[in-house]
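Listing of structure_31.pdb; format and content: PDB, C-alpha atoms.
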ATOM      1  CA  MET A 248     116.418 125.652 101.326
ATOM      2  CA  LYS A 249     117.914 123.368  98.699
ATOM      3  CA  ALA A 250     117.127 119.688  99.162
ATOM      4  CA  HIS A 251     117.880 116.514  97.217
ATOM      5  CA  VAL A 252     116.243 113.073  97.070
ATOM      6  CA  HIS A 253     117.505 110.066  95.123
ATOM      7  CA  ILE A 254     115.706 106.705  95.125
ATOM      8  CA  GLN A 255     116.602 103.543  93.219
ATOM      9  CA  ALA A 256     114.365 100.466  93.212
ATOM     10  CA  ALA A 257     115.872  97.142  92.144
ATOM     11  CA  GLU A 258     114.738  93.529  91.852
ATOM     12  CA  ARG A 259     115.909  90.784  94.176
ATOM     13  CA  ASN A 260     114.509  87.258  93.785
ATOM     14  CA  GLY A 261     111.431  88.569  91.999
ATOM     15  CA  ILE A 262     110.698  91.180  94.680
ATOM     16  CA  THR A 263     111.220  94.931  94.290
ATOM     17  CA  CYS A 264     113.456  96.327  97.035
ATOM     18  CA  LEU A 265     114.984  99.666  97.937
ATOM     19  CA  HIS A 266     118.448  99.374  96.434
ATOM     20  CA  GLN A 267     119.636 102.873  97.232
ATOM     21  CA  SER A 268     118.268 106.063  98.770
ATOM     22  CA  TYR A 269     119.807 109.409  99.559
ATOM     23  CA  CYS A 270     118.097 112.502 100.898
ATOM     24  CA  THR A 271     118.971 115.764 102.577
ATOM     25  CA  PRO A 272     116.874 117.650 105.150
ATOM     26  CA  PRO A 273     113.936 118.064 105.392
ATOM     27  CA  PHE A 274     113.316 114.771 103.549
ATOM     28  CA  LYS A 275     113.341 111.179 104.696
ATOM     29  CA  VAL A 276     112.416 108.009 102.781
ATOM     30  CA  ALA A 277     110.458 105.340 104.656
ATOM     31  CA  ASN A 278     109.699 101.822 103.444
ATOM     32  CA  ILE A 279     105.995 101.262 104.228
ATOM     33  CA  THR A 280     105.570  98.000 102.305
ATOM     34  CA  GLU A 281     103.182  95.841 104.328
ATOM     35  CA  ASP A 282     103.793  92.538 102.578
ATOM     36  CA  LYS A 283     107.469  92.448 101.682
ATOM     37  CA  LYS A 284     106.997  89.136  99.852
ATOM     38  CA  ALA A 285     104.224  90.428  97.566
ATOM     39  CA  GLY A 286     106.538  92.013  95.007
ATOM     40  CA  PRO A 287     105.736  95.756  94.705
ATOM     41  CA  LEU A 288     107.655  98.273  96.824
ATOM     42  CA  HIS A 289     105.828 101.046  98.696
ATOM     43  CA  LEU A 290     107.863 104.066  99.826
ATOM     44  CA  MET A 291     106.760 107.229 101.607
ATOM     45  CA  LEU A 292     108.560 110.511 101.041
ATOM     46  CA  MET A 293     108.422 112.207 104.436
ATOM     47  CA  SER A 294     109.332 115.779 105.333
ATOM     48  CA  SER A 295     110.013 117.542 108.626
ATOM     49  CA  SER A 296     109.066 120.870 107.040
ATOM     50  CA  PRO A 297     105.486 122.152 107.486
ATOM     51  CA  GLY A 298     105.399 122.832 103.739
ATOM     52  CA  ILE A 299     107.243 124.518 100.890
ATOM     53  CA  LEU A 300     108.678 127.903 101.845
ATOM     54  CA  ASP A 301     109.897 130.880  99.841
ATOM     55  CA  GLU A 302     113.027 130.104  97.745
ATOM     56  CA  ASP A 303     112.878 126.370  98.468
ATOM     57  CA  ASP A 304     114.413 124.293  95.675
ATOM     58  CA  TYR A 305     113.744 120.542  95.685
ATOM     59  CA  GLN A 306     115.519 118.115  93.334
ATOM     60  CA  ILE A 307     114.059 114.589  93.263
ATOM     61  CA  LYS A 308     115.337 111.677  91.165
ATOM     62  CA  ILE A 309     113.760 108.224  91.040
ATOM     63  CA  HIS A 310     115.049 105.201  89.130
ATOM     64  CA  VAL A 311     112.949 102.047  88.769
ATOM     65  CA  ASP A 312     114.993  99.108  87.476
ATOM     66  CA  GLU A 313     113.768  96.631  84.884
ATOM     67  CA  SER A 314     110.753  94.512  85.977
ATOM     68  CA  CYS A 315     110.386  96.450  89.241
ATOM     69  CA  HIS A 316     107.169  97.952  90.657
ATOM     70  CA  LEU A 317     107.336 101.051  92.854
ATOM     71  CA  GLN A 318     104.552 103.114  94.393
ATOM     72  CA  LEU A 319     105.620 106.391  95.999
ATOM     73  CA  HIS A 320     103.370 107.896  98.690
ATOM     74  CA  SER A 321     103.285 111.402 100.121
ATOM     75  CA  GLN A 322     103.072 112.059 103.845
ATOM     76  CA  SER A 323     100.334 114.686 103.983
ATOM     77  CA  TYR A 324      98.792 117.646 102.174
ATOM     78  CA  GLN A 325     101.468 119.820 100.532
ATOM     79  CA  ARG A 326     101.220 123.405 101.763
ATOM     80  CA  LEU A 327     102.730 126.247  99.765
ATOM     81  CA  PHE A 328     103.354 129.148 102.132
ATOM     82  CA  ASN A 329     103.315 132.899 101.509
ATOM     83  CA  MET A 330     106.190 133.823  99.190
ATOM     84  CA  LYS A 331     107.971 136.793  97.662
ATOM     85  CA  LYS A 332     110.307 135.117  95.160
ATOM     86  CA  GLY A 333     108.696 131.710  94.746
ATOM     87  CA  ALA A 334     109.755 128.071  95.126
ATOM     88  CA  THR A 335     110.605 125.289  92.687
ATOM     89  CA  GLN A 336     110.633 121.519  92.527
ATOM     90  CA  CYS A 337     112.168 119.324  89.826
ATOM     91  CA  MET A 338     111.300 115.628  89.706
ATOM     92  CA  GLU A 339     112.872 113.161  87.294
ATOM     93  CA  VAL A 340     111.605 109.584  87.049
ATOM     94  CA  ASP A 341     113.267 106.841  85.011
ATOM     95  CA  VAL A 342     111.105 103.706  84.560
ATOM     96  CA  GLN A 343     112.926 100.870  82.845
ATOM     97  CA  LYS A 344     111.560  98.081  80.641
ATOM     98  CA  ASP A 345     108.682  96.017  82.109
ATOM     99  CA  ALA A 346     108.661  98.229  85.232
ATOM    100  CA  SER A 347     105.880 100.331  86.755
ATOM    101  CA  PHE A 348     105.655 103.509  88.826
ATOM    102  CA  VAL A 349     102.644 104.893  90.702
ATOM    103  CA  TYR A 350     102.532 108.344  92.315
ATOM    104  CA  ILE A 351      99.345 109.969  93.598
ATOM    105  CA  PRO A 352     100.416 112.638  96.112
ATOM    106  CA  HIS A 353      98.131 114.376  98.582
ATOM    107  CA  PRO A 354      96.468 117.595  97.377
ATOM    108  CA  THR A 355      98.458 120.824  97.166
ATOM    109  CA  VAL A 356      97.170 123.773  99.223
ATOM    110  CA  PRO A 357      98.625 127.128  98.117
ATOM    111  CA  HIS A 358      98.452 129.896 100.725
ATOM    112  CA  GLU A 359      98.022 133.590  99.948
ATOM    113  CA  GLN A 360     100.706 134.924  97.552
ATOM    114  CA  ALA A 361     102.282 131.495  97.081
ATOM    115  CA  ALA A 362     104.257 131.123  93.835
ATOM    116  CA  PHE A 363     105.355 127.628  92.877
ATOM    117  CA  THR A 364     106.779 125.951  89.779
ATOM    118  CA  ALA A 365     107.089 122.169  89.393
ATOM    119  CA  ARG A 366     108.919 120.536  86.496
ATOM    120  CA  ASN A 367     108.454 116.781  86.053
ATOM    121  CA  LYS A 368     110.241 114.617  83.523
ATOM    122  CA  ILE A 369     109.298 110.955  83.226
ATOM    123  CA  TYR A 370     111.188 108.513  81.006
ATOM    124  CA  LEU A 371     109.448 105.275  80.015
ATOM    125  CA  GLN A 372     110.815 102.281  78.144
ATOM    126  CA  HIS A 373     109.271  99.274  76.395
ATOM    127  CA  ASN A 374     106.276  97.942  78.344
ATOM    128  CA  SER A 375     106.700 100.483  81.152
ATOM    129  CA  ARG A 376     103.564 101.347  83.119
ATOM    130  CA  LEU A 377     102.758 104.629  84.804
ATOM    131  CA  ILE A 378     100.034 106.142  86.985
ATOM    132  CA  TRP A 379     100.707 109.804  87.753
ATOM    133  CA  GLY A 380      98.293 111.974  89.720
ATOM    134  CA  GLU A 381      98.051 115.607  90.782
ATOM    135  CA  ILE A 382      95.481 117.549  92.834
ATOM    136  CA  LEU A 383      95.381 121.333  93.210
ATOM    137  CA  THR A 384      93.054 123.115  95.636
ATOM    138  CA  CYS A 385      91.904 126.731  95.693
ATOM    139  CA  GLY A 386      93.764 127.361  98.963
ATOM    140  CA  ARG A 387      92.557 127.697 102.539
ATOM    141  CA  LYS A 388      88.804 128.172 102.232
ATOM    142  CA  LEU A 389      88.153 128.700 105.935
ATOM    143  CA  ASN A 390      90.774 131.478 106.003
ATOM    144  CA  GLY A 391      89.138 133.287 103.125
ATOM    145  CA  GLU A 392      92.066 132.519 100.815
ATOM    146  CA  GLN A 393      90.251 131.021  97.839
ATOM    147  CA  PHE A 394      92.486 131.513  94.786
ATOM    148  CA  SER A 395      94.616 134.067  96.664
ATOM    149  CA  PHE A 396      97.890 132.485  95.518
ATOM    150  CA  ALA A 397     100.071 134.256  92.957
ATOM    151  CA  LYS A 398     100.985 131.351  90.661
ATOM    152  CA  TYR A 399     100.910 127.587  90.399
ATOM    153  CA  HIS A 400     102.732 126.147  87.403
ATOM    154  CA  SER A 401     103.207 122.414  86.871
ATOM    155  CA  ILE A 402     104.898 121.091  83.721
ATOM    156  CA  THR A 403     105.017 117.333  83.136
ATOM    157  CA  ASP A 404     106.916 115.858  80.174
ATOM    158  CA  ILE A 405     106.587 112.134  79.504
ATOM    159  CA  TYR A 406     109.021 110.417  77.155
ATOM    160  CA  HIS A 407     108.661 106.930  75.708
ATOM    161  CA  ASN A 408     111.861 105.459  74.266
ATOM    162  CA  ASN A 409     113.339 108.992  74.417
ATOM    163  CA  ARG A 410     110.484 110.498  72.380
ATOM    164  CA  LEU A 411     108.204 113.112  73.922
ATOM    165  CA  VAL A 412     104.675 111.663  73.903
ATOM    166  CA  ILE A 413     102.774 113.731  76.507
ATOM    167  CA  LYS A 414     103.252 117.292  77.731
ATOM    168  CA  GLU A 415     101.008 118.489  80.553
ATOM    169  CA  ASN A 416     101.177 122.235  81.243
ATOM    170  CA  LEU A 417      99.035 123.434  84.150
ATOM    171  CA  LEU A 418      99.305 127.163  84.837
ATOM    172  CA  VAL A 419      96.962 128.911  87.280
ATOM    173  CA  GLN A 420      97.379 132.651  87.927
ATOM    174  CA  PRO A 421      94.123 133.844  89.517
ATOM    175  CA  ALA A 422      95.058 137.539  89.341
ATOM    176  CA  LEU A 423      95.555 137.333  85.557
ATOM    177  CA  VAL A 424      92.996 134.757  84.417
ATOM    178  CA  ASN A 425      89.481 134.325  85.801
ATOM    179  CA  VAL A 426      89.516 130.775  87.139
ATOM    180  CA  HIS A 427      85.710 130.728  87.208
ATOM    181  CA  GLY A 428      85.398 131.522  83.506
ATOM    182  CA  ILE A 429      84.386 129.202  80.680
ATOM    183  CA  GLY A 430      87.140 126.741  79.871
ATOM    184  CA  GLN A 431      88.698 127.230  83.296
ATOM    185  CA  TRP A 432      87.426 125.814  86.615
ATOM    186  CA  GLU A 433      83.901 127.154  86.032
ATOM    187  CA  GLY A 434      82.933 127.579  89.681
ATOM    188  CA  HIS A 435      84.729 124.508  91.043
ATOM    189  CA  SER A 436      87.370 124.880  93.745
ATOM    190  CA  HIS A 437      89.511 121.755  93.235
ATOM    191  CA  GLN A 438      91.086 120.050  90.233
ATOM    192  CA  ALA A 439      92.568 116.573  89.894
ATOM    193  CA  SER A 440      94.359 114.996  86.965
ATOM    194  CA  MET A 441      95.719 111.536  86.255
ATOM    195  CA  ILE A 442      97.970 110.304  83.466
ATOM    196  CA  ILE A 443      98.022 106.569  82.756
ATOM    197  CA  TRP A 444     100.468 104.852  80.445
ATOM    198  CA  GLY A 445     100.130 101.165  79.674
ATOM    199  CA  ASN A 446     100.135  98.527  76.956
ATOM    200  CA  ALA A 447      97.623  96.624  74.939
ATOM    201  CA  GLU A 448      94.645  94.526  76.081
ATOM    202  CA  ALA A 449      91.227  96.046  76.729
ATOM    203  CA  LEU A 450      90.794  99.797  76.337
ATOM    204  CA  SER A 451      87.000  99.710  76.194
ATOM    205  CA  SER A 452      86.612  97.691  79.396
ATOM    206  CA  VAL A 453      89.140  99.878  81.234
ATOM    207  CA  CYS A 454      87.486 103.124  80.140
ATOM    208  CA  ASP A 455      84.039 101.794  80.960
ATOM    209  CA  SER A 456      85.116 100.821  84.484
ATOM    210  CA  LEU A 457      86.710 104.211  85.134
ATOM    211  CA  TYR A 458      83.768 106.078  83.627
ATOM    212  CA  ASN A 459      81.183 104.109  85.597
ATOM    213  CA  TYR A 460      83.024 104.722  88.860
ATOM    214  CA  LEU A 461      83.349 108.474  88.303
ATOM    215  CA  GLN A 462      79.747 108.768  87.145
ATOM    216  CA  GLN A 463      78.619 107.452  90.530
ATOM    217  CA  GLN A 464      80.490 110.207  92.409
ATOM    218  CA  SER A 465      78.530 113.301  93.447
ATOM    219  CA  ASP A 466      79.417 116.962  92.796
ATOM    220  CA  ILE A 467      82.187 116.393  90.247
ATOM    221  CA  THR A 468      82.692 117.041  86.547
ATOM    222  CA  PHE A 469      85.123 114.803  84.695
ATOM    223  CA  GLY A 470      86.539 113.797  81.349
ATOM    224  CA  ILE A 471      88.521 110.765  80.156
ATOM    225  CA  SER A 472      90.580 110.986  76.960
ATOM    226  CA  ALA A 473      92.825 108.531  75.135
ATOM    227  CA  VAL A 474      95.935 110.342  73.938
ATOM    228  CA  ALA A 475      99.271 109.525  72.331
ATOM    229  CA  GLN A 476      99.425 105.822  71.544
ATOM    230  CA  ASP A 477      99.135 104.093  74.907
ATOM    231  CA  ALA A 478      97.834 106.674  77.349
ATOM    232  CA  LEU A 479      94.740 107.883  79.158
ATOM    233  CA  VAL A 480      94.326 111.342  80.684
ATOM    234  CA  ILE A 481      91.623 111.938  83.291
ATOM    235  CA  ARG A 482      90.579 115.379  84.509
ATOM    236  CA  ILE A 483      88.227 115.945  87.458
ATOM    237  CA  LEU A 484      86.754 119.162  88.854
ATOM    238  CA  GLY A 485      85.137 119.184  92.279
ATOM    239  CA  TYR A 486      84.745 120.924  95.623
ATOM    240  CA  ARG A 487      86.495 118.668  98.160
ATOM    241  CA  ALA A 488      90.153 117.687  98.259
ATOM    242  CA  GLU A 489      89.620 114.435 100.138
ATOM    243  CA  GLN A 490      86.988 113.291  97.654
ATOM    244  CA  LEU A 491      89.294 113.836  94.662
ATOM    245  CA  PHE A 492      92.199 112.174  96.468
ATOM    246  CA  ASN A 493      90.051 109.115  97.175
ATOM    247  CA  CYS A 494      88.824 109.113  93.560
ATOM    248  CA  LEU A 495      92.344 108.940  92.137
ATOM    249  CA  HIS A 496      93.274 106.083  94.446
ATOM    250  CA  ALA A 497      90.099 104.231  93.542
ATOM    251  CA  LEU A 498      90.879 104.663  89.837
ATOM    252  CA  ALA A 499      94.416 103.350  90.399
ATOM    253  CA  THR A 500      92.945 100.292  92.107
ATOM    254  CA  LEU A 501      90.611  99.710  89.165
ATOM    255  CA  LEU A 502      93.473 100.012  86.726
ATOM    256  CA  ASN A 503      95.753  97.642  88.633
ATOM    257  CA  VAL A 504      99.112  98.892  87.376
ATOM    258  CA  ASN A 505     100.639  95.423  87.460
ATOM    259  CA  ARG A 506      98.360  94.311  84.619
ATOM    260  CA  LYS A 507      98.801  95.283  81.010
ATOM    261  CA  VAL A 508      96.305  97.955  80.019
ATOM    262  CA  SER A 509      95.091  98.438  76.487
ATOM    263  CA  VAL A 510      94.965 102.069  75.355
ATOM    264  CA  LYS A 511      94.384 103.456  71.887
ATOM    265  CA  ALA A 512      94.226 107.069  70.776
ATOM    266  CA  GLY A 513      91.030 108.682  69.615
ATOM    267  CA  ALA A 514      88.462 107.835  72.306
ATOM    268  CA  THR A 515      87.089 110.499  74.625
ATOM    269  CA  TYR A 516      84.541 110.147  77.422
ATOM    270  CA  VAL A 517      83.138 113.353  78.958
ATOM    271  CA  HIS A 518      80.589 113.771  81.736
TER     272      HIS A 518
END
File written out as structure tokens:
Amino acid sequence: MKAHVHIQAAERNGITCLHQSYCTPPFKVANITEDKKAGPLHLMLMSSSPGILDEDDYQIKIHVDESCHLQLHSQSYQRLFNMKKGATQCMEVDVQKDASFVYIPHPTVPHEQAAFTARNKIYLQHNSRLIWGEILTCGRKLNGEQFSFAKYHSITDIYHNNRLVIKENLLVQPALVNVHGIGQWEGHSHQASMIIWGNAEALSSVCDSLYNYLQQQSDITFGISAVAQDALVIRILGYRAEQLFNCLHALATLLNVNRKVSVKAGATYVH
């Protein structure tokens, strides 16, 4: 199935509102903003499909106007079903000047022989802010399908003022590369990542807060790195999808995307 989603957030009297939305089955966009006078807009991308099926092709475009603040939510865990040819998803996000975008979807659960490729392109402008999360699980543990999927490939390109500043390339092919080996997942069953882009104020205090929170969590291994000029990348390995999902949301709360965040390249925190 080929499906399209287009979302545009715009400002009206200092409040971010849903200016335009268009979607084809199985998608639907729901406004779940609790306090519509608070400013930020919260949207949920809903789907009537049980998951991504063989030969599905999803095209998603999101535009956040200047000085707007949008947080996109997913409906539930994303299941990738058994496939022969594979499925694809392309997501393009345009965040204008002084605007922010937050997206921390539910974990992805690839079934046996699932093959999926995601291509994400994010365009940031002056003083744009971004929190972008991703969680991949080993599959259905209780069904004996740990790392039984064929391929999971996620490519994320982030541009700032039309210049490529971050390229994230996650490729997992369990039949070709030992996921339990050194430099891979090393015995863990779940992986989470978060990319944060912000602007100048207090890198050390931000990193310390994130590090202290993650250090208090049990059964995870994590690293925090400052990359590019105004970005942080966080990687977490663990054993439970819900725990990693809650961790990313807790980190987003600590960051508070509506504040300016100071980030400088060269600092790395590893636990």
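Among the candidate residues A:Thr263, A:Ser268, A:Ser321, A:Gln463, the one lying nearest to Leu288 of chain A is A:Thr263, with distances computed using all atoms listed in the file.
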Can you list, as number ranges by chain, the residues that the PyMOL selection byres ((chain A and resi 490) around 12) selects here?
A: 353-354, 382, 384, 437-439, 461, 464-467, 483-489, 491-497
Next, dump the selected residues to file, keeping only C-alpha atoms, as a PDB file, in the frame of the given file.
ATOM      1  CA  HIS A 353      98.131 114.376  98.582  1.00  0.00           C
ATOM      2  CA  PRO A 354      96.468 117.595  97.377  1.00  0.00           C
ATOM      3  CA  ILE A 382      95.481 117.549  92.834  1.00  0.00           C
ATOM      4  CA  THR A 384      93.054 123.115  95.636  1.00  0.00           C
ATOM      5  CA  HIS A 437      89.511 121.755  93.235  1.00  0.00           C
ATOM      6  CA  GLN A 438      91.086 120.050  90.233  1.00  0.00           C
ATOM      7  CA  ALA A 439      92.568 116.573  89.894  1.00  0.00           C
ATOM      8  CA  LEU A 461      83.349 108.474  88.303  1.00  0.00           C
ATOM      9  CA  GLN A 464      80.490 110.207  92.409  1.00  0.00           C
ATOM     10  CA  SER A 465      78.530 113.301  93.447  1.00  0.00           C
ATOM     11  CA  ASP A 466      79.417 116.962  92.796  1.00  0.00           C
ATOM     12  CA  ILE A 467      82.187 116.393  90.247  1.00  0.00           C
ATOM     13  CA  ILE A 483      88.227 115.945  87.458  1.00  0.00           C
ATOM     14  CA  LEU A 484      86.754 119.162  88.854  1.00  0.00           C
ATOM     15  CA  GLY A 485      85.137 119.184  92.279  1.00  0.00           C
ATOM     16  CA  TYR A 486      84.745 120.924  95.623  1.00  0.00           C
ATOM     17  CA  ARG A 487      86.495 118.668  98.160  1.00  0.00           C
ATOM     18  CA  ALA A 488      90.153 117.687  98.259  1.00  0.00           C
ATOM     19  CA  GLU A 489      89.620 114.435 100.138  1.00  0.00           C
ATOM     20  CA  LEU A 491      89.294 113.836  94.662  1.00  0.00           C
ATOM     21  CA  PHE A 492      92.199 112.174  96.468  1.00  0.00           C
ATOM     22  CA  ASN A 493      90.051 109.115  97.175  1.00  0.00           C
ATOM     23  CA  CYS A 494      88.824 109.113  93.560  1.00  0.00           C
ATOM     24  CA  LEU A 495      92.344 108.940  92.137  1.00  0.00           C
ATOM     25  CA  HIS A 496      93.274 106.083  94.446  1.00  0.00           C
ATOM     26  CA  ALA A 497      90.099 104.231  93.542  1.00  0.00           C
TER      27      ALA A 497
END
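Restricting the calculation to all atoms listed in the file, the smallest distance between Asn425 of chain A and any of A:Phe394, A:Asp404, A:Leu502, A:His251 is found for A:Phe394.
In this model, the gap between atom CA of Gly445 of chain A and atom CA of Leu501 of chain A comes to 13.5 Å.
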Write out as a compact mmCIF listing (two decimals) with C-alpha atoms, keeping the file's coordinate frame the residues lying within 8 Å of segment 307-317 of chain A, counting all atoms listed in the file and excluding same-chain residues fewer than 2 positions away.
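Result file is around_10.txt:
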# COMPACT_ATOMS: atom_id res chain seq x y z
CA HIS A 251 117.88 116.51 97.22
CA VAL A 252 116.24 113.07 97.07
CA HIS A 253 117.50 110.07 95.12
CA ILE A 254 115.71 106.70 95.12
CA GLN A 255 116.60 103.54 93.22
CA ALA A 256 114.36 100.47 93.21
CA ALA A 257 115.87 97.14 92.14
CA GLU A 258 114.74 93.53 91.85
CA ILE A 262 110.70 91.18 94.68
CA THR A 263 111.22 94.93 94.29
CA GLY A 286 106.54 92.01 95.01
CA PRO A 287 105.74 95.76 94.70
CA LEU A 288 107.66 98.27 96.82
CA HIS A 289 105.83 101.05 98.70
CA LEU A 290 107.86 104.07 99.83
CA TYR A 305 113.74 120.54 95.68
CA LEU A 319 105.62 106.39 96.00
CA GLN A 336 110.63 121.52 92.53
CA CYS A 337 112.17 119.32 89.83
CA MET A 338 111.30 115.63 89.71
CA GLU A 339 112.87 113.16 87.29
CA VAL A 340 111.60 109.58 87.05
CA ASP A 341 113.27 106.84 85.01
CA VAL A 342 111.10 103.71 84.56
CA GLN A 343 112.93 100.87 82.84
CA LYS A 344 111.56 98.08 80.64
CA ASP A 345 108.68 96.02 82.11
CA ALA A 346 108.66 98.23 85.23
CA SER A 347 105.88 100.33 86.76
CA PHE A 348 105.66 103.51 88.83
CA VAL A 349 102.64 104.89 90.70
CA ASN A 505 100.64 95.42 87.46
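The protein and nucleic acid residues lying at most 8 Å from Ser295 of chain A are A:Pro272, A:Pro273, A:Phe274, with all atoms listed in the file considered and sequence neighbours fewer than 3 positions away removed.
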For Asp303 of chain A: contacts at 7 Å, all atoms listed in the file, fewer than 6 positions along chain excluded, given as an MDAnalysis selection string
chainID A and resid 248:249 334:335
Between A:Asp455, A:Asn416, A:Glu359, A:Leu371, which residue has the minimum interatomic distance to Gly391 of chain A, considering all atoms listed in the file?
A:Glu359
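Distances to Lys388 of chain A were evaluated for A:Leu411, A:Val276, A:Ile405, A:Val356 using all atoms listed in the file, and the minimum falls at A:Val356.
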Looking at all atoms listed in the file, which of A:Thr364, A:Asn459, A:Gln393, A:Ser440 is the one that sits closest to Ile481 of chain A?
A:Ser440
Leaving out Ala397 of chain A and any residue of its chain fewer than 3 positions from it, which residues lie within 9 Å of it when counting only C-alpha atoms, given as a PyMOL selection string?
chain A and resi 330+357+359-363+394+419-422
